[in-house]
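Chemist: Next comes work02.cif, mmCIF, C-alpha atoms and all ligand atoms:
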```cif
data_structure
#
loop_
_atom_site.label_atom_id
_atom_site.label_comp_id
_atom_site.auth_asym_id
_atom_site.auth_seq_id
_atom_site.Cartn_x
_atom_site.Cartn_y
_atom_site.Cartn_z
CA MET E 1 -16.38 -25.98 -40.07
CA THR E 2 -16.57 -22.90 -37.85
CA THR E 3 -15.64 -23.16 -34.21
CA LYS E 4 -17.58 -21.23 -31.64
CA PRO E 5 -15.38 -18.49 -30.02
CA ARG E 6 -14.55 -19.64 -26.53
CA SER E 7 -15.98 -16.40 -25.21
CA ALA E 8 -19.39 -17.64 -26.36
CA GLU E 9 -19.14 -20.86 -24.33
CA LYS E 10 -21.32 -21.56 -21.33
CA LEU E 11 -20.10 -19.98 -18.07
CA ALA E 12 -18.52 -22.31 -15.52
CA ILE E 13 -20.97 -20.98 -12.93
CA GLU E 14 -23.72 -22.43 -15.15
CA GLY E 15 -22.00 -25.76 -15.59
CA GLY E 16 -19.56 -24.97 -18.42
CA THR E 17 -15.87 -25.86 -18.43
CA PRO E 18 -13.78 -23.34 -16.47
CA ALA E 19 -11.72 -20.99 -18.68
CA ARG E 20 -8.72 -21.54 -16.49
CA GLN E 21 -7.50 -25.04 -15.90
CA ARG E 22 -5.93 -24.45 -12.53
CA PRO E 23 -6.23 -21.73 -9.91
CA ASP E 24 -3.62 -18.99 -9.61
CA PRO E 25 -0.60 -19.55 -7.39
CA PRO E 26 -0.84 -17.71 -4.05
CA MET E 27 -0.41 -13.94 -4.43
CA TYR E 28 2.71 -13.26 -2.38
CA PRO E 29 4.99 -11.72 -5.02
CA GLY E 30 8.29 -11.61 -3.12
CA GLY E 31 7.20 -14.21 -0.59
CA MET E 32 6.81 -16.93 -3.22
CA LEU E 33 10.37 -16.33 -4.41
CA ILE E 34 11.98 -16.88 -1.02
CA GLY E 35 14.74 -19.37 -1.70
CA ALA E 36 18.41 -20.18 -1.39
CA GLU E 37 19.59 -16.56 -1.29
CA GLU E 38 17.31 -15.62 1.60
CA GLU E 39 18.28 -18.83 3.41
CA GLU E 40 21.96 -18.07 2.98
CA ALA E 41 21.50 -14.48 4.15
CA VAL E 42 19.72 -15.61 7.32
CA LEU E 43 22.27 -18.32 8.01
CA GLU E 44 25.08 -15.84 7.59
CA VAL E 45 23.58 -13.67 10.32
CA LEU E 46 22.88 -16.64 12.60
CA ARG E 47 26.38 -18.07 12.17
CA SER E 48 27.91 -14.70 13.02
CA LYS E 49 25.76 -14.52 16.20
CA ARG E 50 25.52 -10.81 15.39
CA LEU E 51 21.75 -10.49 15.68
CA PHE E 52 21.66 -6.85 16.74
CA ARG E 53 22.41 -3.99 14.39
CA TYR E 54 24.81 -2.14 16.64
CA TYR E 55 26.98 -4.93 18.07
CA GLY E 56 27.68 -8.60 18.52
CA PRO E 57 30.64 -10.91 19.00
CA VAL E 58 32.03 -9.89 15.64
CA GLU E 59 32.57 -6.52 14.10
CA GLY E 60 31.01 -6.06 10.79
CA PRO E 61 28.49 -4.36 8.64
CA SER E 62 24.98 -4.37 9.94
CA LYS E 63 22.29 -5.84 7.68
CA ALA E 64 19.86 -3.16 8.89
CA GLU E 65 22.30 -0.45 7.92
CA ASP E 66 23.00 -2.11 4.56
CA LEU E 67 19.26 -2.37 3.94
CA GLU E 68 18.73 1.30 4.75
CA ARG E 69 21.47 2.39 2.38
CA ALA E 70 20.36 0.07 -0.46
CA PHE E 71 16.66 0.89 -0.05
CA ALA E 72 17.24 4.66 0.00
CA ASP E 73 19.44 4.38 -3.13
CA HIS E 74 16.91 2.20 -4.91
CA MET E 75 14.05 4.60 -4.24
CA GLY E 76 16.05 7.73 -4.94
CA ALA E 77 16.11 9.15 -1.41
CA ARG E 78 18.99 10.26 0.80
CA TYR E 79 17.99 8.60 4.07
CA ALA E 80 16.13 5.55 5.32
CA VAL E 81 15.14 4.10 8.70
CA ALA E 82 14.33 0.37 8.80
CA VAL E 83 11.71 -0.58 11.39
CA THR E 84 9.52 -3.44 12.53
CA SER E 85 6.42 -2.80 10.39
CA GLY E 86 4.76 -0.48 7.92
CA THR E 87 2.65 0.89 10.76
CA ALA E 88 5.83 1.69 12.70
CA ALA E 89 7.24 3.39 9.58
CA LEU E 90 4.10 5.56 9.38
CA ILE E 91 4.30 6.42 13.09
CA CYS E 92 8.01 7.30 12.83
CA GLY E 93 7.34 9.23 9.61
CA LEU E 94 4.58 11.23 11.30
CA GLN E 95 6.87 11.93 14.28
CA GLY E 96 9.55 12.83 11.76
CA ILE E 97 7.43 15.58 10.20
CA GLY E 98 6.23 16.79 13.60
CA VAL E 99 2.58 15.70 13.58
CA GLY E 100 1.09 15.51 17.08
CA PRO E 101 -1.86 16.30 19.36
CA GLY E 102 -4.20 18.94 17.96
CA ASP E 103 -3.13 18.30 14.36
CA GLU E 104 -5.24 16.88 11.57
CA VAL E 105 -3.98 14.63 8.78
CA ILE E 106 -5.99 14.04 5.60
CA VAL E 107 -6.24 10.32 4.86
CA PRO E 108 -8.14 8.62 2.01
CA ALA E 109 -11.32 6.77 2.96
CA TYR E 110 -9.97 3.67 1.20
CA THR E 111 -6.73 2.42 2.76
CA TRP E 112 -5.70 -0.20 5.26
CA ILE E 113 -6.74 0.90 8.78
CA ALA E 114 -3.06 1.25 9.75
CA SER E 115 -2.95 4.61 7.93
CA PRO E 116 -5.56 6.40 10.10
CA LEU E 117 -4.50 4.51 13.23
CA ALA E 118 -0.88 5.64 12.82
CA VAL E 119 -2.20 9.21 12.81
CA ALA E 120 -4.14 8.49 16.01
CA ALA E 121 -1.09 6.80 17.54
CA VAL E 122 0.84 10.08 17.45
CA GLY E 123 -2.10 11.91 19.04
CA ALA E 124 -3.45 13.55 15.87
CA VAL E 125 -6.77 12.93 14.15
CA PRO E 126 -7.38 11.49 10.70
CA VAL E 127 -9.73 13.49 8.48
CA LEU E 128 -11.20 11.39 5.70
CA ALA E 129 -11.30 12.34 2.02
CA GLU E 130 -12.72 10.61 -1.03
CA VAL E 131 -10.77 8.55 -3.52
CA ASP E 132 -11.34 8.93 -7.27
CA GLU E 133 -11.51 6.22 -9.96
CA THR E 134 -7.83 5.45 -9.44
CA LEU E 135 -8.87 4.44 -5.89
CA THR E 136 -6.25 6.85 -4.55
CA LEU E 137 -6.76 10.19 -2.78
CA ASP E 138 -8.78 12.71 -4.79
CA PRO E 139 -6.72 15.93 -4.58
CA SER E 140 -9.77 18.19 -4.89
CA ASP E 141 -11.61 16.48 -2.04
CA ALA E 142 -8.38 16.58 0.00
CA GLU E 143 -8.31 20.34 -0.55
CA ALA E 144 -11.94 20.66 0.53
CA LYS E 145 -11.08 18.88 3.81
CA ILE E 146 -8.27 21.26 4.81
CA THR E 147 -8.93 23.21 8.03
CA PRO E 148 -6.72 25.62 9.99
CA PHE E 149 -5.55 22.57 11.96
CA THR E 150 -4.45 20.41 9.04
CA LYS E 151 -0.77 19.60 9.25
CA ALA E 152 -0.24 16.93 6.61
CA ILE E 153 -1.76 14.98 3.73
CA MET E 154 -1.27 11.22 3.48
CA PRO E 155 -1.71 9.90 -0.07
CA VAL E 156 -1.85 6.10 -0.10
CA HIS E 157 -0.74 4.30 -3.26
CA MET E 158 -3.34 1.56 -3.01
CA ARG E 159 -2.90 -1.68 -4.97
CA GLY E 160 0.35 -0.38 -6.46
CA LEU E 161 -1.20 2.63 -8.23
CA PRO E 162 0.43 6.01 -7.81
CA ALA E 163 -1.70 8.76 -6.29
CA ARG E 164 -1.76 12.11 -8.14
CA MET E 165 1.51 13.24 -6.60
CA ASP E 166 1.88 16.39 -8.75
CA ALA E 167 -1.46 17.78 -7.61
CA ILE E 168 -1.00 16.63 -4.00
CA VAL E 169 2.47 18.13 -3.62
CA GLU E 170 1.32 21.37 -5.31
CA LEU E 171 -1.64 21.54 -2.92
CA ALA E 172 0.56 20.89 0.09
CA ARG E 173 3.10 23.55 -0.89
CA ARG E 174 0.33 26.08 -1.60
CA ARG E 175 -1.36 25.47 1.76
CA ASP E 176 1.83 25.02 3.78
CA LEU E 177 1.26 21.36 4.58
CA LEU E 178 3.51 18.32 4.68
CA VAL E 179 3.12 15.13 2.65
CA ILE E 180 3.60 11.63 4.07
CA GLU E 181 3.27 8.92 1.42
CA ASP E 182 1.92 5.55 2.49
CA THR E 183 3.75 3.36 0.00
CA ALA E 184 3.07 0.08 1.81
CA GLN E 185 1.44 -1.49 -1.26
CA ALA E 186 3.55 0.06 -4.01
CA ASP E 187 7.24 -0.76 -3.55
CA GLY E 188 9.22 0.49 -6.53
CA ALA E 189 6.24 2.08 -8.32
CA SER E 190 6.64 5.64 -9.54
CA PHE E 191 4.91 8.86 -10.54
CA GLY E 192 6.49 11.02 -13.22
CA SER E 193 9.58 8.80 -13.19
CA ARG E 194 10.26 9.39 -9.47
CA ARG E 195 9.83 6.38 -7.22
CA LEU E 196 6.90 6.62 -4.84
CA GLY E 197 7.86 7.43 -1.28
CA SER E 198 10.60 9.80 -2.44
CA ILE E 199 8.25 12.53 -3.71
CA GLY E 200 6.57 13.74 -0.51
CA ASP E 201 8.41 14.81 2.64
CA VAL E 202 8.58 11.24 3.89
CA GLY E 203 7.59 7.86 2.43
CA CYS E 204 6.66 4.77 4.41
CA PHE E 205 6.83 1.14 3.25
CA SER E 206 5.74 -2.20 4.66
CA LEU E 207 7.70 -5.43 4.31
CA GLN E 208 4.90 -7.56 5.76
CA PHE E 209 4.31 -10.89 4.02
CA ASN E 210 1.44 -9.69 1.83
CA LYS E 211 3.52 -6.93 0.22
CA ILE E 212 5.47 -6.88 -3.06
CA ILE E 213 8.74 -7.63 -1.28
CA THR E 214 8.82 -8.98 2.22
CA CYS E 215 10.70 -10.19 5.24
CA GLY E 216 7.53 -11.45 6.97
CA GLU E 217 7.15 -8.37 9.15
CA GLY E 218 9.05 -5.14 8.66
CA GLY E 219 8.91 -1.60 7.40
CA ILE E 220 11.09 1.26 6.28
CA LEU E 221 10.78 4.99 5.86
CA ILE E 222 12.68 7.16 3.41
CA THR E 223 13.22 10.90 3.21
CA ASN E 224 15.50 13.47 1.62
CA ASP E 225 15.38 15.69 4.68
CA GLU E 226 18.04 15.22 7.34
CA GLU E 227 15.87 16.62 10.14
CA ILE E 228 12.98 14.28 9.30
CA TRP E 229 15.41 11.35 9.17
CA LYS E 230 16.90 12.26 12.58
CA ARG E 231 13.50 12.64 14.21
CA GLY E 232 12.17 9.45 12.62
CA MET E 233 15.25 7.56 13.68
CA MET E 234 15.08 8.86 17.25
CA HIS E 235 11.51 7.65 17.47
CA ALA E 236 12.47 4.24 16.08
CA ASP E 237 15.41 3.72 18.42
CA VAL E 238 15.22 4.66 22.07
CA ALA E 239 19.00 5.14 22.27
CA ALA E 240 19.52 6.91 18.94
CA GLY E 241 20.23 10.21 20.65
CA SER E 242 23.39 8.84 22.23
CA ARG E 243 24.40 6.63 19.33
CA HIS E 244 24.33 9.18 16.54
CA ASN E 245 26.01 12.19 18.20
CA ILE E 246 22.83 14.21 18.06
CA PRO E 247 23.29 17.55 19.87
CA ARG E 248 21.83 17.34 23.40
CA GLU E 249 19.33 20.12 22.79
CA GLU E 250 17.85 18.21 19.82
CA ILE E 251 17.48 14.79 21.43
CA LEU E 252 13.94 13.41 21.63
CA GLY E 253 12.70 10.27 23.33
CA GLY E 254 11.43 7.39 21.24
CA VAL E 255 10.35 3.80 21.45
CA ASN E 256 12.02 0.76 19.95
CA TYR E 257 10.83 -0.12 16.48
CA ARG E 258 14.24 -1.42 15.42
CA ILE E 259 14.26 -4.10 12.76
CA SER E 260 16.22 -7.25 13.56
CA GLU E 261 19.28 -8.30 11.59
CA LEU E 262 17.49 -11.48 10.49
CA GLN E 263 14.59 -9.58 8.97
CA ALA E 264 16.90 -7.02 7.41
CA ALA E 265 18.97 -9.78 5.80
CA VAL E 266 15.87 -11.20 4.11
CA ALA E 267 14.63 -7.75 3.06
CA LEU E 268 17.97 -6.95 1.48
CA VAL E 269 17.80 -10.04 -0.76
CA GLN E 270 14.18 -9.26 -1.61
CA LEU E 271 15.06 -5.72 -2.64
CA GLY E 272 17.25 -7.26 -5.31
CA ARG E 273 14.18 -9.08 -6.65
CA LEU E 274 11.94 -6.02 -6.81
CA ASP E 275 12.49 -4.66 -10.29
CA ASP E 276 12.18 -8.07 -11.91
CA LEU E 277 8.90 -8.64 -10.06
CA LEU E 278 7.61 -5.28 -11.29
CA THR E 279 8.60 -6.09 -14.88
CA ARG E 280 6.75 -9.39 -14.74
CA MET E 281 3.59 -7.97 -13.18
CA ARG E 282 3.57 -5.00 -15.57
CA GLU E 283 3.78 -7.29 -18.60
CA ARG E 284 0.96 -9.56 -17.32
CA LYS E 285 -1.24 -6.58 -16.54
CA ARG E 286 -0.57 -5.04 -19.95
CA MET E 287 -1.69 -8.34 -21.55
CA LEU E 288 -4.80 -8.60 -19.36
CA LYS E 289 -5.82 -5.06 -20.21
CA ALA E 290 -5.10 -5.38 -23.93
CA GLY E 291 -7.06 -8.63 -24.07
CA THR E 292 -10.17 -7.35 -22.30
CA GLU E 293 -10.49 -3.67 -23.17
CA ALA E 294 -12.50 -4.17 -26.37
CA VAL E 295 -15.24 -6.09 -24.56
CA ALA E 296 -15.07 -3.70 -21.61
CA ARG E 297 -15.43 -0.66 -23.88
CA ARG E 298 -18.35 -2.17 -25.75
CA LYS E 299 -20.06 -3.03 -22.45
CA GLY E 300 -19.43 0.43 -20.96
CA ILE E 301 -17.18 -1.01 -18.25
CA LEU E 302 -14.47 1.31 -16.91
CA ILE E 303 -11.07 -0.30 -16.48
CA GLN E 304 -9.41 1.47 -13.55
CA PRO E 305 -7.59 4.56 -14.86
CA ILE E 306 -4.01 5.09 -13.70
CA ASN E 307 -2.38 8.41 -12.85
CA ASP E 308 0.91 7.30 -14.39
CA GLU E 309 0.53 4.04 -16.26
CA ALA E 310 4.28 3.40 -16.58
CA GLY E 311 4.65 3.81 -12.83
CA ASP E 312 1.94 1.34 -11.77
CA ALA E 313 3.39 -1.55 -9.74
CA SER E 314 0.67 -3.60 -11.46
CA VAL E 315 -0.28 -5.90 -8.58
CA ALA E 316 -3.98 -5.67 -9.48
CA PHE E 317 -6.36 -5.45 -12.41
CA ILE E 318 -9.55 -3.64 -11.42
CA PHE E 319 -12.64 -2.68 -13.37
CA PHE E 320 -15.93 -1.02 -12.46
CA VAL E 321 -19.32 -2.44 -13.45
CA ASP E 322 -22.77 -0.88 -13.09
CA SER E 323 -23.79 -1.93 -9.62
CA PRO E 324 -22.66 -3.86 -6.53
CA ALA E 325 -25.05 -6.68 -7.47
CA VAL E 326 -23.40 -7.06 -10.89
CA ALA E 327 -19.91 -6.85 -9.30
CA THR E 328 -20.80 -9.66 -6.89
CA ARG E 329 -22.19 -11.83 -9.67
CA VAL E 330 -19.21 -11.16 -11.96
CA ALA E 331 -16.72 -11.97 -9.20
CA GLU E 332 -18.57 -15.21 -8.39
CA ALA E 333 -18.63 -16.18 -12.06
CA LEU E 334 -14.91 -15.42 -12.42
CA ARG E 335 -14.08 -17.56 -9.39
CA ALA E 336 -16.03 -20.40 -10.97
CA GLU E 337 -13.76 -19.97 -14.02
CA ASN E 338 -10.80 -20.49 -11.63
CA ILE E 339 -9.92 -16.80 -11.85
CA GLY E 340 -9.22 -15.33 -8.41
CA ALA E 341 -11.54 -12.32 -8.35
CA GLY E 342 -13.32 -10.46 -5.59
CA VAL E 343 -15.42 -7.42 -4.83
CA MET E 344 -13.79 -4.56 -2.96
CA TYR E 345 -16.60 -3.50 -0.64
CA ASP E 346 -19.42 -5.40 0.93
CA PRO E 347 -21.21 -3.46 3.70
CA GLY E 348 -21.94 -6.68 5.56
CA ARG E 349 -18.37 -7.95 5.64
CA MET E 350 -15.89 -6.44 8.10
CA ASP E 351 -13.02 -5.15 5.99
CA TYR E 352 -10.41 -2.84 7.43
CA HIS E 353 -9.65 -1.40 3.99
CA VAL E 354 -12.89 0.58 3.89
CA TYR E 355 -13.48 3.49 6.29
CA GLN E 356 -16.99 2.33 7.26
CA HIS E 357 -15.38 -0.65 8.97
CA TRP E 358 -12.65 1.30 10.82
CA VAL E 359 -14.45 0.68 14.11
CA PRO E 360 -12.04 2.39 16.55
CA VAL E 361 -11.70 5.42 14.25
CA MET E 362 -15.39 5.80 13.52
CA ALA E 363 -16.17 5.48 17.25
CA GLN E 364 -13.27 7.82 18.16
CA ARG E 365 -12.21 5.27 20.71
CA ALA E 366 -9.14 6.04 22.82
CA TRP E 367 -7.22 3.61 25.03
CA THR E 368 -8.50 5.24 28.20
CA PRO E 369 -11.43 7.57 28.78
CA ARG E 370 -9.05 10.24 30.08
CA GLY E 371 -7.71 11.39 26.74
CA GLY E 372 -6.77 10.51 23.24
CA PRO E 373 -6.51 12.16 19.86
CA TRP E 374 -10.13 13.14 19.41
CA ARG E 375 -10.24 14.87 22.81
CA TRP E 376 -7.07 16.75 21.89
CA ALA E 377 -8.49 17.90 18.56
CA ARG E 378 -9.07 21.63 18.25
CA ARG E 379 -12.58 21.26 16.83
CA ASP E 380 -15.37 18.69 16.89
CA ILE E 381 -14.55 15.85 14.53
CA GLU E 382 -17.43 13.86 13.10
CA TYR E 383 -17.37 10.61 11.21
CA SER E 384 -20.40 8.96 9.70
CA PRO E 385 -20.84 5.76 7.68
CA ASP E 386 -21.99 7.70 4.61
CA MET E 387 -19.46 10.54 4.74
CA CYS E 388 -17.53 9.38 1.64
CA PRO E 389 -20.26 8.18 -0.75
CA ARG E 390 -18.10 8.32 -3.87
CA THR E 391 -15.53 5.99 -2.31
CA LEU E 392 -18.26 3.51 -1.36
CA ASP E 393 -19.89 3.73 -4.78
CA LEU E 394 -16.60 3.08 -6.60
CA LEU E 395 -15.46 0.26 -4.31
CA GLY E 396 -18.92 -1.30 -4.40
CA ARG E 397 -18.86 -1.53 -8.19
CA ALA E 398 -15.24 -2.66 -8.44
CA VAL E 399 -14.10 -6.15 -9.37
CA HIS E 400 -10.53 -6.94 -8.33
CA LEU E 401 -8.09 -9.49 -9.74
CA ASP E 402 -4.54 -10.07 -8.54
CA VAL E 403 -1.84 -9.81 -11.19
CA ASN E 404 0.44 -12.60 -10.18
CA PRO E 405 4.11 -12.38 -11.22
CA LEU E 406 4.24 -16.19 -11.38
CA LEU E 407 1.67 -16.39 -14.18
CA SER E 408 2.89 -17.70 -17.52
CA ASN E 409 1.58 -16.42 -20.87
CA GLN E 410 -0.93 -19.28 -20.98
CA ASP E 411 -1.95 -18.38 -17.45
CA VAL E 412 -2.82 -14.91 -18.76
CA GLU E 413 -4.59 -15.98 -21.94
CA GLU E 414 -7.01 -18.16 -20.02
CA PRO E 415 -8.19 -15.41 -17.65
CA ILE E 416 -8.58 -13.03 -20.63
CA GLU E 417 -10.85 -15.62 -22.22
CA GLY E 418 -12.73 -16.09 -18.96
CA ILE E 419 -13.13 -12.38 -18.22
CA ASN E 420 -14.46 -11.71 -21.72
CA ARG E 421 -16.87 -14.61 -21.46
CA VAL E 422 -18.19 -13.43 -18.08
CA LEU E 423 -18.46 -9.79 -19.14
CA GLU E 424 -20.28 -10.75 -22.34
CA ALA E 425 -22.80 -12.81 -20.39
CA LEU E 426 -23.35 -10.84 -17.21
CA THR E 427 -22.94 -7.13 -17.92
C1 LIG Y 501 -1.82 0.81 2.80
C2 LIG Y 501 -1.16 0.19 3.99
N1 LIG Y 501 -0.66 1.00 4.95
C3 LIG Y 501 -0.04 0.49 6.03
C4 LIG Y 501 0.11 -0.86 6.21
C5 LIG Y 501 0.74 -1.35 7.46
O1 LIG Y 501 1.83 -2.18 7.28
P1 LIG Y 501 2.18 -3.29 8.38
O2 LIG Y 501 1.16 -4.36 8.28
O3 LIG Y 501 3.54 -3.74 7.97
O4 LIG Y 501 2.18 -2.60 9.69
C6 LIG Y 501 -0.39 -1.74 5.23
C7 LIG Y 501 -0.26 -3.21 5.31
O5 LIG Y 501 -0.57 -3.95 6.11
C8 LIG Y 501 -1.05 -1.20 4.11
O6 LIG Y 501 -1.58 -1.99 3.16
#
```
Could you express the structure from this file as structure tokens?
Ligand SMILES: Cc1ncc(COP(=O)(O)O)c(C=O)c1O
Modeler:
Amino acid sequence: MTTKPRSAEKLAIEGGTPARQRPDPPMYPGGMLIGAEEEEAVLEVLRSKRLFRYYGPVEGPSKAEDLERAFADHMGARYAVAVTSGTAALICGLQGIGVGPGDEVIVPAYTWIASPLAVAAVGAVPVLAEVDETLTLDPSDAEAKITPFTKAIMPVHMRGLPARMDAIVELARRRDLLVIEDTAQADGASFGSRRLGSIGDVGCFSLQFNKIITCGEGGILITNDEEIWKRGMMHADVAAGSRHNIPREEILGGVNYRISELQAAVALVQLGRLDDLLTRMRERKRMLKAGTEAVARRKGILIQPINDEAGDASVAFIFFVDSPAVATRVAEALRAENIGAGVMYDPGRMDYHVYQHWVPVMAQRAWTPRGGPWRWARRDIEYSPDMCPRTLDLLGRAVHLDVNPLLSNQDVEEPIEGINRVLEALT
């Protein structure tokens, strides 16, 4: 008796049995592992009543300081500044490298809106460039967008994938620009064996709950440059100038983006979980790819290429089909199979990851009519909904699946079965 291959079975969306028996666990890699160690770390801080990094009723090491040291070491950088969010890390990083009014920063058209808004927050303007099939900044389009007013390039390592850091750093050095890496979504990932965030002039991370490791809300910047560290730190801490013996003539004013000891205590425990999380996600993604690439190849479907496969944080498995209509149908069919899939761009759905929906940027809206970054720009800046067609085309045809570190081997075999079945039937 021959059994029908499961990939030939009826799709769940058409009334068949779902390939996957239960839905994926929630996709909060570090968040789902919060447990006794984080509890203990928080309680230790609470019991000490030392909730502020610089002082309290007891002497003692500060969790924020410990986090900065451990994070910098882990990522291969000399300095770190722990702050309240990834957005704050970007703002302090931009202040650190001296970006301000009149400057332009090249930002990919696909990133969370915090990247361009951080540029605007320091008085500079974001200039948008296309992403390529890796869904990270296309170095050649970045080069085409350079003007005499460009000060920095901001590669964003979206969905854990490294941007082309060799080409971007080479471009920046050749054109006398600085590089600020937005590493919010790619903790611990690497390019060419160097951890992301440590390759450009400054790297900025988020510890918000949705990220690979988390303390709910938080952020951190890293750099190898003492000047950038000092400037970033002075922006993050209004009193840093007096606290760190900075020469009077170098002191700058800042705002307070200081992380709390409670958040830092959680982040420190989570940092210890990072490499194991990456190992698990990398193994699951390797299996997903190996199990689906034959069908994908036969069907002419492009699995997202990766600039440095070994360095991918592997939080997502993405492939490109022929058209947005097929992507929508495939994602619906996968969800019916209990496989958490989605499309990455839908013009009708407000999504702050896609430049078309960056309302305050596209409208060049400042907080008051009297000024703001676009009025301080040294040339007319124009944004239009169709200015990055390649980015929209790629995102529109992309189907996205989370790669959950909590999945077991069976949990991976079932989605492979389901993906193959859906691709066979619908593409
Ligand atoms: C690419 C990217 N940049 C910046 C941020 C901002 O981080 P946060 O939410 O911690 O401010 C995020 C996350 O939200 C992000 O995904």
Chemist: Given only C-alpha atoms as the basis, pick out the residue of E:Gln21, E:Thr147, E:Ser323, E:Ser62 nearest to E:Ala377.
Modeler: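 Closest to E:Ala377, using only C-alpha atoms: E:Thr147.
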Chemist: Emit as lines of an AutoDock Vina configuration file the padded axis-aligned box for all listed atoms of ligand LIG 501 (chain Y), 3 Å per side, with centre and edge lengths in Å to one decimal.
Modeler:
```
center_x = 0.9
center_y = -1.7
center_z = 6.2
size_x = 11.4
size_y = 11.4
size_z = 12.9
```
Chemist: To one decimal place in Å, what is the distance between atom CA of E:Pro126 and atom CA of E:Ile228?
Modeler: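 Those two atoms sit 20.6 Å apart.
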Chemist: Point out the residue among E:Pro108, E:Pro247, E:Gly253, E:Pro23 with the least atom-to-atom distance to E:Leu392, counting only C-alpha atoms.
Modeler: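 Smallest separation from E:Leu392 among the options: E:Pro108.
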Chemist: Using only C-alpha atoms, can you tell me which of E:His353, E:Leu43, E:Leu394, E:Gly102 comes closest to E:Ser115?
Modeler: E:His353
Chemist: Is there a way to get, as a ChimeraX atom specification, all residues within 12 Å of the point (-3.3, 24.0, 1.4) in file coordinates, counting all atoms listed in the file?
Modeler: /E:105-106,139-153,167-179
Chemist: For the selection just defined, write its residues with C-alpha atoms to a file, as a JSON list (two decimals), keeping the file's coordinate frame.
Modeler:
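The file below, out15.json, is the result:
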```json
[["chain", "number", "residue", "atom", "x", "y", "z"],
["E", 105, "VAL", "CA", -3.98, 14.63, 8.78],
["E", 106, "ILE", "CA", -5.99, 14.04, 5.60],
["E", 139, "PRO", "CA", -6.72, 15.93, -4.58],
["E", 140, "SER", "CA", -9.77, 18.19, -4.89],
["E", 141, "ASP", "CA", -11.61, 16.48, -2.04],
["E", 142, "ALA", "CA", -8.38, 16.58, 0.00],
["E", 143, "GLU", "CA", -8.31, 20.34, -0.55],
["E", 144, "ALA", "CA", -11.94, 20.66, 0.53],
["E", 145, "LYS", "CA", -11.08, 18.88, 3.81],
["E", 146, "ILE", "CA", -8.27, 21.26, 4.81],
["E", 147, "THR", "CA", -8.93, 23.21, 8.03],
["E", 148, "PRO", "CA", -6.72, 25.62, 9.99],
["E", 149, "PHE", "CA", -5.55, 22.57, 11.96],
["E", 150, "THR", "CA", -4.45, 20.41, 9.04],
["E", 151, "LYS", "CA", -0.77, 19.60, 9.25],
["E", 152, "ALA", "CA", -0.24, 16.93, 6.61],
["E", 153, "ILE", "CA", -1.76, 14.98, 3.73],
["E", 167, "ALA", "CA", -1.46, 17.78, -7.61],
["E", 168, "ILE", "CA", -1.00, 16.63, -4.00],
["E", 169, "VAL", "CA", 2.47, 18.13, -3.62],
["E", 170, "GLU", "CA", 1.32, 21.37, -5.31],
["E", 171, "LEU", "CA", -1.64, 21.54, -2.92],
["E", 172, "ALA", "CA", 0.56, 20.89, 0.09],
["E", 173, "ARG", "CA", 3.10, 23.55, -0.89],
["E", 174, "ARG", "CA", 0.33, 26.08, -1.60],
["E", 175, "ARG", "CA", -1.36, 25.47, 1.76],
["E", 176, "ASP", "CA", 1.83, 25.02, 3.78],
["E", 177, "LEU", "CA", 1.26, 21.36, 4.58],
["E", 178, "LEU", "CA", 3.51, 18.32, 4.68],
["E", 179, "VAL", "CA", 3.12, 15.13, 2.65]]
```
Chemist: Report, in Å to a single decimal, how far apart atom CA of E:Glu283 and atom CA of E:Ala310 are.
Modeler: 10.9 Å
Chemist: Have a look at atom CA of E:Asp411 and atom CA of E:Ala333 and let me know their distance in Å, one decimal.
Modeler: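 About the pair atom CA of E:Asp411 and atom CA of E:Ala333: they are 17.7 Å apart.
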